[in-house]
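Participant: Below is a structure I'd like to ask you about.
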Amino acid sequence: MRTTRAQSITGWMAAMGGTLLAFFVSASTASAELPAENAKDWKLRQEVGNIRVYTIDQSNSSFKAFKAEALLDTPIENLMAVMINPGSCLEWVHNCTESYAFGEGNFHDRYAYSVNNMPWPVTDRDYVLRIRTQGDEETGEIIMDLNATPNQREEFRDRIRVDRSDTLYRFIPRGEQTRMVWVQHTDPNGSLPGWLVNSLLVDIPVRSLQALERVANKERYQGYELVYDETGKLTSVRNSAR
């Protein structure tokens, strides 16, 4: 293997085993429930600085999907340093109160558990997610697919398990900046008031992306580099100083 911008991933990812999935297979199957990024029915709901949030109806759900597009003032290496940290959800995802990796997996295919705090008296939601990451050296683009796999962990009585959630993160380098596209559809289960659902669809991605830009520029996420194999596929992310 040859390395460009780095050597190999460290910490919890390096210790995990698993199977490498083909890039286009995972990208197409994992996001099968999501609307196309260029679908004509997306409606702009909010624009804050470099962040735009759209929503779209889902024919098989009473909940809308959202798409957030942003130009983040941080390089893609910093963002991926955040993304490989299983606890970083608490730092940037709005209302995330617990997050950790579990089970077997590797950089390309792994599992995580997280909790989303809901305002009283609504019960908190928790997620068991399969996370798949693929990147291409030629285009510089990195895609992450996050899909609910609810039966991978035992449920908790004081939380409602989300059994249907599909998310796509697309990162496109723009020099020292990164264009990010975030598409998500979640059925939160249980009874939720419409005003709360509608507010979360816009509020969460705006606040989260604002936080992500700040977090990615912190000192602890500097100096990370991307590693590609001889075929130009992303294999890991690590701190080049280690």
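Here, A, B, ... name the chains of the structure tokens in the order displayed, residue numbers run from 1 inside each chain, and ligands are numbered from 1 in the same displayed order.
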List as a list in words the protein and nucleic acid residues near Asn217 (chain A), meaning an atom at most 8 Å away when only C-alpha atoms are counted, but skip any in the same chain fewer than 5 places from it.
Facilitator: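 The residues satisfying every condition are Thr74, Asn78 and Gln222 of chain A.
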Participant: At a cut-off of 8 Å, can you tabulate as CSV every residue of region 128-239 of chain A near region 90-96 of chain A together with its closest atom pair and the distance in Å to one decimal, using only C-alpha atoms and ordering rows by chain then number?
Facilitator:
residue,atom,partner,partner_atom,distance
A:Ile204,CA,A:His94,CA,5.5
A:Pro205,CA,A:His94,CA,7.8
A:Arg207,CA,A:His94,CA,6.2
A:Ser208,CA,A:Val93,CA,4.8
A:Leu209,CA,A:Trp92,CA,7.3
A:Ala211,CA,A:Trp92,CA,4.9
A:Leu212,CA,A:Trp92,CA,5.0
A:Val215,CA,A:Trp92,CA,6.9
Participant: I want to know what sits within 9 Å of Asn85 (chain A), based on only C-alpha atoms, with residues of the same chain fewer than 4 positions away left out; could you give that as a list in words?
Facilitator: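 Contacts, with the query itself left out: Trp12, Met80, Ala81, Cys89, Tyr100 and Ala101 of chain A.
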Participant: List every residue of chain A that DSSP, applied to the backbone of this structure, assigns to helix (DSSP H, G or I), and report them as an NGL selection string.
Facilitator: :A and (11-14 or 23-30 or 76-83 or 89-92 or 150-152 or 194-216 or 219-221)
Participant: Nearest residue to Ser61 (chain A) out of A:Arg164, A:Arg220, A:Arg157, A:Arg132, using only C-alpha atoms?
Facilitator: A:Arg164
Participant: Rank A:Gln134, A:Thr167, A:Ser199, A:Asn239 by their smallest atom-to-atom distance to Leu146 (chain A), using only C-alpha atoms, and report the top residue only.
Facilitator: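 Closest residue, counting only C-alpha atoms: A:Thr167.
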Participant: Closest to Phe66 (chain A) among A:Arg130, A:His185, A:Arg110, A:Arg179, using only C-alpha atoms?
Facilitator: A:His185
Participant: Determine which residues of region 18-144 of chain A receive a DSSP assignment of strand (DSSP E), computed from the backbone, and state them as a ChimeraX atom specification.
Facilitator: /A:43-48,51-56,65-72,96-102,109-116,125-135,142-144
Participant: Within 12 Å of Asn60 (chain A), counting only C-alpha atoms, which residues show up once you throw out same-chain ones fewer than 5 positions away? Write them as a PyMOL selection string, please.
Facilitator: chain A and resi 33-35+65+164+185-187
Participant: Restricting it to N, CA and C atoms, dump the selection as a PDB file, in the first residue's frame.
Facilitator:
ATOM      1  N   GLU A  33     -33.054   4.521   0.613  1.00  0.00           N
ATOM      2  CA  GLU A  33     -34.274   5.120   1.117  1.00  0.00           C
ATOM      3  C   GLU A  33     -34.282   6.637   1.001  1.00  0.00           C
ATOM      4  N   LEU A  34     -33.185   7.239   0.607  1.00  0.00           N
ATOM      5  CA  LEU A  34     -33.088   8.691   0.559  1.00  0.00           C
ATOM      6  C   LEU A  34     -33.486   9.246  -0.802  1.00  0.00           C
ATOM      7  N   PRO A  35     -34.080  10.437  -0.813  1.00  0.00           N
ATOM      8  CA  PRO A  35     -34.373  11.083  -2.098  1.00  0.00           C
ATOM      9  C   PRO A  35     -33.085  11.527  -2.776  1.00  0.00           C
ATOM     10  N   ALA A  65     -37.950  14.408   4.563  1.00  0.00           N
ATOM     11  CA  ALA A  65     -36.491  14.297   4.560  1.00  0.00           C
ATOM     12  C   ALA A  65     -35.915  15.705   4.452  1.00  0.00           C
ATOM     13  N   ARG A 164     -35.744   3.321  11.833  1.00  0.00           N
ATOM     14  CA  ARG A 164     -35.667   3.693  10.429  1.00  0.00           C
ATOM     15  C   ARG A 164     -35.002   5.058  10.301  1.00  0.00           C
ATOM     16  N   HIS A 185     -33.254  11.130   6.243  1.00  0.00           N
ATOM     17  CA  HIS A 185     -34.664  10.859   6.528  1.00  0.00           C
ATOM     18  C   HIS A 185     -34.735   9.925   7.721  1.00  0.00           C
ATOM     19  N   THR A 186     -35.503  10.340   8.728  1.00  0.00           N
ATOM     20  CA  THR A 186     -35.640   9.561   9.954  1.00  0.00           C
ATOM     21  C   THR A 186     -37.102   9.476  10.339  1.00  0.00           C
ATOM     22  N   ASP A 187     -37.534   8.292  10.694  1.00  0.00           N
ATOM     23  CA  ASP A 187     -38.839   8.099  11.306  1.00  0.00           C
ATOM     24  C   ASP A 187     -38.580   7.911  12.798  1.00  0.00           C
TER      25      ASP A 187
END
Participant: Rounded to one decimal place, report the CA of Leu196 (chain A)-CA of Gln152 (chain A) distance in Å.
Facilitator: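 Rounded to one decimal, the two atoms are 28.1 Å apart.
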Participant: What's the separation between CA of Asn198 (chain A) and CA of Ser62 (chain A), in Å to one decimal place?
Facilitator: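 Result for CA of Asn198 (chain A) versus CA of Ser62 (chain A): 11.4 Å, one decimal.
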Participant: Would you pick out the contacts of Ile84 (chain A) at 12 Å or less, using only C-alpha atoms, so that residues sharing its chain but fewer than 5 positions from it are not included, and give the list as a ChimeraX atom specification?
Facilitator: /A:9-14,77-79,89,100-101,106-112,131-133,144,216,221,224-226,236-239
Participant: Pick from A:Trp42, A:Phe171, A:Phe102, A:Tyr113: nearest to Ala70 (chain A), with only C-alpha atoms counted?
Facilitator: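 Closest to Ala70 (chain A), using only C-alpha atoms: A:Phe171.
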Participant: Take CA of Met180 (chain A) and CA of Leu71 (chain A) and report the distance between them in Å, one decimal.
Facilitator: 6.3 Å
Participant: Quick one: of A:Glu37, A:Asp163, A:Asp124, A:Asp229, who's nearest to Gln184 (chain A), counting only C-alpha atoms?
Facilitator: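 Using only C-alpha atoms, Gln184 (chain A) sits closest to A:Glu37.
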